[in-house]
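What follows is a single structure, written as structure tokens, with notes after it.
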Amino acid sequence: REPLAPAPAVSEPTPTSLPFNEQVAALPEGSTQYFAESPFGPAAIEAGPLYLSGLGNECRSARVTRETMSHKFALCKEENGRWRFIPTIFESMPR
């Protein structure tokens, strides 16, 4: 017999075996997930909406927050089905 003990709470809804881009693409819109390891270092990622790019690719906007830094980026699905990181250049332009 196995002892009855409560299962430990898991705060990671996505499997860690997936690459970072795939994990972010799978997040529900508007949700925020903390990643101990990401291209930005330890950071919180907020998933934005899915949209079609001008080239007709399925994309997702996202925002990374790390300490005092906040930056937008996008992920776009390539023909092979993998999600590719797309930096957002317009955010750093003067207004």
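We label chains A, B, ... in the order they appear in the structure tokens, count residues from 1 in each chain, and number ligands from 1 in the order shown.
Every protein or nucleic acid residue with an atom no more than 6 Å from Ala74 (chain A), counting only C-alpha atoms and leaving out same-chain residues fewer than 3 positions away, appears here: Arg60, Ser61, Ala62 and Ile86 of chain A.
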Write out the residues from the selection above, keeping N, CA and C atoms, as a compact mmCIF listing (two decimals), in the first residue's frame.
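Saved result, selection.txt, follows:
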```
# COMPACT_ATOMS: atom_id res chain seq x y z
N ARG A 60 2.46 35.09 -32.56
CA ARG A 60 1.98 35.44 -31.22
C ARG A 60 2.86 36.54 -30.68
N SER A 61 2.24 37.60 -30.16
CA SER A 61 3.02 38.64 -29.50
C SER A 61 3.21 38.23 -28.04
N ALA A 62 4.28 38.73 -27.44
CA ALA A 62 4.57 38.42 -26.04
C ALA A 62 5.39 39.55 -25.44
N ILE A 86 11.06 36.42 -33.02
CA ILE A 86 11.15 37.61 -33.86
C ILE A 86 11.28 38.82 -32.93
```
**Study point:** Residues near Ala47 (chain A), cut-off 6 Å, only C-alpha atoms, skip fewer than 3 positions along chain, as a list in words
**Key:** Glu29, Gly30, Ser31 and Ala62 of chain A
Point to revise | Counting only C-alpha atoms, the residue of A:Cys76, A:Leu50, A:Ala44, A:Ala25 that sits nearest Arg63 (chain A) | key: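 Of the candidates, the smallest distance to Arg63 (chain A) is held by A:Ala44.
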